[in-house]
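Okay, target18.pdb is below, PDB, C-alpha atoms:
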ATOM      1  CA  MET U 275     -14.388 144.081 174.350  1.00  0.00           C
ATOM      2  CA  VAL U 276     -12.226 145.952 176.830  1.00  0.00           C
ATOM      3  CA  LEU U 277      -9.028 147.569 175.564  1.00  0.00           C
ATOM      4  CA  ARG U 278      -6.192 147.511 178.021  1.00  0.00           C
ATOM      5  CA  PRO U 279      -2.696 148.929 177.682  1.00  0.00           C
ATOM      6  CA  ARG U 280      -0.015 146.355 176.995  1.00  0.00           C
ATOM      7  CA  PRO U 281       2.674 146.697 179.684  1.00  0.00           C
ATOM      8  CA  GLU U 282       5.248 144.797 177.599  1.00  0.00           C
ATOM      9  CA  THR U 283       5.286 147.506 174.912  1.00  0.00           C
ATOM     10  CA  PRO U 284       6.806 150.986 175.108  1.00  0.00           C
ATOM     11  CA  ALA U 285       4.383 153.412 176.726  1.00  0.00           C
ATOM     12  CA  GLY U 286       1.947 150.576 177.372  1.00  0.00           C
ATOM     13  CA  GLY U 287       0.723 150.520 173.771  1.00  0.00           C
ATOM     14  CA  ALA U 288       0.068 154.268 173.640  1.00  0.00           C
ATOM     15  CA  GLU U 289       2.526 154.649 170.757  1.00  0.00           C
ATOM     16  CA  GLU U 290       0.556 152.192 168.622  1.00  0.00           C
ATOM     17  CA  VAL U 291      -2.770 153.829 169.493  1.00  0.00           C
ATOM     18  CA  ALA U 292      -1.222 157.240 168.726  1.00  0.00           C
ATOM     19  CA  ARG U 293      -0.506 156.046 165.164  1.00  0.00           C
ATOM     20  CA  TYR U 294      -4.177 155.114 164.719  1.00  0.00           C
ATOM     21  CA  ALA U 295      -5.199 158.448 166.195  1.00  0.00           C
ATOM     22  CA  MET U 296      -2.953 160.330 163.790  1.00  0.00           C
ATOM     23  CA  GLN U 297      -4.527 158.478 160.853  1.00  0.00           C
ATOM     24  CA  ALA U 298      -7.972 159.481 162.113  1.00  0.00           C
ATOM     25  CA  HIS U 299      -6.817 163.138 161.886  1.00  0.00           C
ATOM     26  CA  ILE U 300      -7.807 164.069 165.425  1.00  0.00           C
ATOM     27  CA  THR U 301      -8.678 167.730 165.849  1.00  0.00           C
ATOM     28  CA  ALA U 302      -8.402 169.719 169.085  1.00  0.00           C
ATOM     29  CA  ALA U 303     -12.208 169.448 169.386  1.00  0.00           C
ATOM     30  CA  ASP U 304     -11.977 165.651 169.038  1.00  0.00           C
ATOM     31  CA  GLY U 305      -9.303 165.697 171.723  1.00  0.00           C
ATOM     32  CA  ARG U 306     -11.492 167.668 174.133  1.00  0.00           C
ATOM     33  CA  ALA U 307     -14.453 165.336 173.548  1.00  0.00           C
ATOM     34  CA  GLY U 308     -12.187 162.313 173.967  1.00  0.00           C
ATOM     35  CA  VAL U 309     -10.784 163.625 177.238  1.00  0.00           C
ATOM     36  CA  ALA U 310     -14.316 164.164 178.543  1.00  0.00           C
ATOM     37  CA  ARG U 311     -15.150 160.511 177.736  1.00  0.00           C
ATOM     38  CA  SER U 312     -11.867 159.077 179.009  1.00  0.00           C
ATOM     39  CA  GLY U 313     -12.245 159.791 182.712  1.00  0.00           C
ATOM     40  CA  VAL U 314      -8.780 161.381 182.765  1.00  0.00           C
ATOM     41  CA  LYS U 315      -8.473 164.837 184.303  1.00  0.00           C
ATOM     42  CA  PRO U 316      -8.307 167.618 181.690  1.00  0.00           C
ATOM     43  CA  THR U 317      -5.144 168.925 183.359  1.00  0.00           C
ATOM     44  CA  ALA U 318      -3.215 165.635 183.023  1.00  0.00           C
ATOM     45  CA  ASN U 319      -0.328 165.790 180.541  1.00  0.00           C
ATOM     46  CA  PRO U 320      -1.897 163.385 178.001  1.00  0.00           C
ATOM     47  CA  SER U 321      -5.144 165.398 178.081  1.00  0.00           C
ATOM     48  CA  VAL U 322      -3.356 168.684 177.506  1.00  0.00           C
ATOM     49  CA  MET U 323      -1.313 167.191 174.662  1.00  0.00           C
ATOM     50  CA  ILE U 324      -4.296 165.786 172.734  1.00  0.00           C
ATOM     51  CA  CYS U 325      -6.267 169.055 173.110  1.00  0.00           C
ATOM     52  CA  MET U 326      -3.564 171.252 171.570  1.00  0.00           C
ATOM     53  CA  ASP U 327      -4.036 172.629 168.081  1.00  0.00           C
ATOM     54  CA  PRO U 328      -2.594 170.650 166.410  1.00  0.00           C
ATOM     55  CA  PRO U 329      -2.586 167.738 168.867  1.00  0.00           C
ATOM     56  CA  ARG U 330       0.796 166.536 170.152  1.00  0.00           C
ATOM     57  CA  TYR U 331       1.655 162.845 169.919  1.00  0.00           C
ATOM     58  CA  GLY U 332       4.840 162.501 172.010  1.00  0.00           C
ATOM     59  CA  PHE U 333       3.191 160.135 174.485  1.00  0.00           C
ATOM     60  CA  VAL U 334       6.145 157.733 174.540  1.00  0.00           C
ATOM     61  CA  GLY U 335       8.203 160.445 176.227  1.00  0.00           C
ATOM     62  CA  LEU U 336       5.793 160.707 179.151  1.00  0.00           C
ATOM     63  CA  PRO U 337       6.745 159.186 182.508  1.00  0.00           C
ATOM     64  CA  ALA U 338       5.669 155.550 182.911  1.00  0.00           C
ATOM     65  CA  ALA U 339       3.131 156.606 185.543  1.00  0.00           C
ATOM     66  CA  GLU U 340       1.180 158.484 182.833  1.00  0.00           C
ATOM     67  CA  HIS U 341       1.082 155.724 180.198  1.00  0.00           C
ATOM     68  CA  VAL U 342      -2.317 154.356 181.250  1.00  0.00           C
ATOM     69  CA  GLN U 343      -3.782 157.872 181.155  1.00  0.00           C
ATOM     70  CA  ALA U 344      -2.279 158.416 177.704  1.00  0.00           C
ATOM     71  CA  PHE U 345      -3.760 155.143 176.471  1.00  0.00           C
ATOM     72  CA  ARG U 346      -7.225 156.052 177.775  1.00  0.00           C
ATOM     73  CA  VAL U 347      -7.113 159.549 176.276  1.00  0.00           C
ATOM     74  CA  LEU U 348      -5.881 158.295 172.907  1.00  0.00           C
ATOM     75  CA  VAL U 349      -8.469 155.522 172.583  1.00  0.00           C
ATOM     76  CA  SER U 350     -11.278 157.908 173.544  1.00  0.00           C
ATOM     77  CA  ALA U 351     -10.100 160.653 171.181  1.00  0.00           C
ATOM     78  CA  PHE U 352      -9.656 158.102 168.384  1.00  0.00           C
ATOM     79  CA  ALA U 353     -13.244 156.900 168.878  1.00  0.00           C
ATOM     80  CA  VAL U 354     -14.534 160.485 168.619  1.00  0.00           C
ATOM     81  CA  ALA U 355     -12.456 161.279 165.510  1.00  0.00           C
ATOM     82  CA  ASP U 356     -13.294 158.019 163.772  1.00  0.00           C
ATOM     83  CA  THR U 357     -17.014 158.528 164.408  1.00  0.00           C
ATOM     84  CA  ARG U 358     -16.792 162.080 163.047  1.00  0.00           C
ATOM     85  CA  ARG U 359     -15.025 160.884 159.902  1.00  0.00           C
ATOM     86  CA  ARG U 360     -17.558 158.096 159.357  1.00  0.00           C
ATOM     87  CA  GLN U 361     -20.355 160.671 159.461  1.00  0.00           C
ATOM     88  CA  THR U 362     -18.614 163.187 157.180  1.00  0.00           C
ATOM     89  CA  ASP U 363     -15.731 162.000 154.988  1.00  0.00           C
ATOM     90  CA  CYS U 364     -16.856 158.382 154.673  1.00  0.00           C
ATOM     91  CA  LYS U 365     -20.607 158.849 154.503  1.00  0.00           C
ATOM     92  CA  GLY U 366     -22.138 156.805 151.718  1.00  0.00           C
ATOM     93  CA  ALA U 367     -19.264 155.598 149.570  1.00  0.00           C
ATOM     94  CA  CYS U 368     -16.632 154.611 152.123  1.00  0.00           C
ATOM     95  CA  ARG U 369     -14.082 152.031 150.997  1.00  0.00           C
ATOM     96  CA  HIS U 370     -12.429 151.630 154.404  1.00  0.00           C
ATOM     97  CA  THR U 371     -13.041 147.986 155.284  1.00  0.00           C
ATOM     98  CA  TRP U 372     -13.074 148.793 159.013  1.00  0.00           C
ATOM     99  CA  HIS U 373     -16.010 151.167 158.460  1.00  0.00           C
ATOM    100  CA  ASN U 374     -18.026 148.453 156.746  1.00  0.00           C
ATOM    101  CA  LEU U 375     -17.775 145.557 159.197  1.00  0.00           C
ATOM    102  CA  PRO U 376     -20.784 143.308 159.690  1.00  0.00           C
ATOM    103  CA  PRO U 377     -22.613 143.688 163.024  1.00  0.00           C
ATOM    104  CA  ALA U 378     -20.964 141.912 165.933  1.00  0.00           C
ATOM    105  CA  THR U 379     -22.497 138.606 166.928  1.00  0.00           C
ATOM    106  CA  GLU U 380     -22.679 137.064 170.364  1.00  0.00           C
ATOM    107  CA  GLN U 381     -20.054 134.418 170.976  1.00  0.00           C
ATOM    108  CA  PRO U 382     -20.604 131.529 173.413  1.00  0.00           C
TER     109      PRO U 382
END
Could you write out this file's structure as structure tokens?
Amino acid sequence: MVLRPRPETPAGGAEEVARYAMQAHITAADGRAGVARSGVKPTANPSVMICMDPPRYGFVGLPAAEHVQAFRVLVSAFAVADTRRRQTDCKGACRHTWHNLPPATEQP
């Protein structure tokens, strides 16, 4: 599955992804690892914002030209933070349904 920003929404969907990221409790270290995975330059505004301690989430206020970068940084940082939380906070007795999904199956 390929996630793509939604151009019909404010900030191309970055605002929605930012809410998920906030719930994953992204740390500055998660932000740095996410930026490294995202392919976005570390000096780009969204990269700098997510690497701050605490991370900044004002991505909607960025210029439209930076919305795709913000989306990529947020999704990557969310993946890092969610993986970290699965391995620490949720290890063993997790009740989050999204952490207990059955394995994906091939669809025709």
At a cut-off of 7 Å, using only C-alpha atoms, what residues contact stretch 299-305 of chain U? Leave out same-chain residues fewer than 6 positions from it and give the result as a VMD selection string. chain U and resid 324 to 329 351 to 352 354 to 355
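The residue that comes closest to U:Glu340, out of U:Cys364, U:Ala310, U:Ala288, U:Met296 and on the basis of all atoms listed in the file, is U:Ala288.
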Atom CA of U:Asn319 to atom CA of U:Ala353, distance in Å rounded to a single decimal: 19.5 Å
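Residue nearest U:Leu348 within the list U:Arg330, U:Lys365, U:His370, U:Arg360: U:Arg330 [criterion: smallest interatomic distance, only C-alpha atoms].
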Correct to one decimal, the distance atom CA of U:Tyr294-atom CA of U:Val349 is 9.0 Å
At a cut-off of 6 Å, using only C-alpha atoms, what residues contact U:Val309? Leave out same-chain residues fewer than 2 positions from it and give the result as a list in words. Arg306, Ala307, Arg311, Ser312, Ser321 and Val347 of chain U
Residue subset to file, keeping C-alpha atoms, as an mmCIF file, in the coordinates of the input:
data_model
loop_
_atom_site.group_PDB
_atom_site.id
_atom_site.type_symbol
_atom_site.label_atom_id
_atom_site.label_comp_id
_atom_site.auth_asym_id
_atom_site.auth_seq_id
_atom_site.Cartn_x
_atom_site.Cartn_y
_atom_site.Cartn_z
ATOM 1 C CA ARG U 306 -11.492 167.668 174.133
ATOM 2 C CA ALA U 307 -14.453 165.336 173.548
ATOM 3 C CA ARG U 311 -15.150 160.511 177.736
ATOM 4 C CA SER U 312 -11.867 159.077 179.009
ATOM 5 C CA SER U 321 -5.144 165.398 178.081
ATOM 6 C CA VAL U 347 -7.113 159.549 176.276
#
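If you count only C-alpha atoms and ignore residues fewer than 6 places along the chain from U:Gly332, what sits within 9 Å of it is Glu289, Ala292 and Met323 of chain U.
Here atom CA of U:Arg293 stands at a distance of 11.6 Å from atom CA of U:Val334.
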Rank U:Gln361, U:Leu375, U:Phe333, U:Gln343 by their smallest atom-to-atom distance to U:Thr317, using all atoms listed in the file, and report the top residue only. U:Gln343
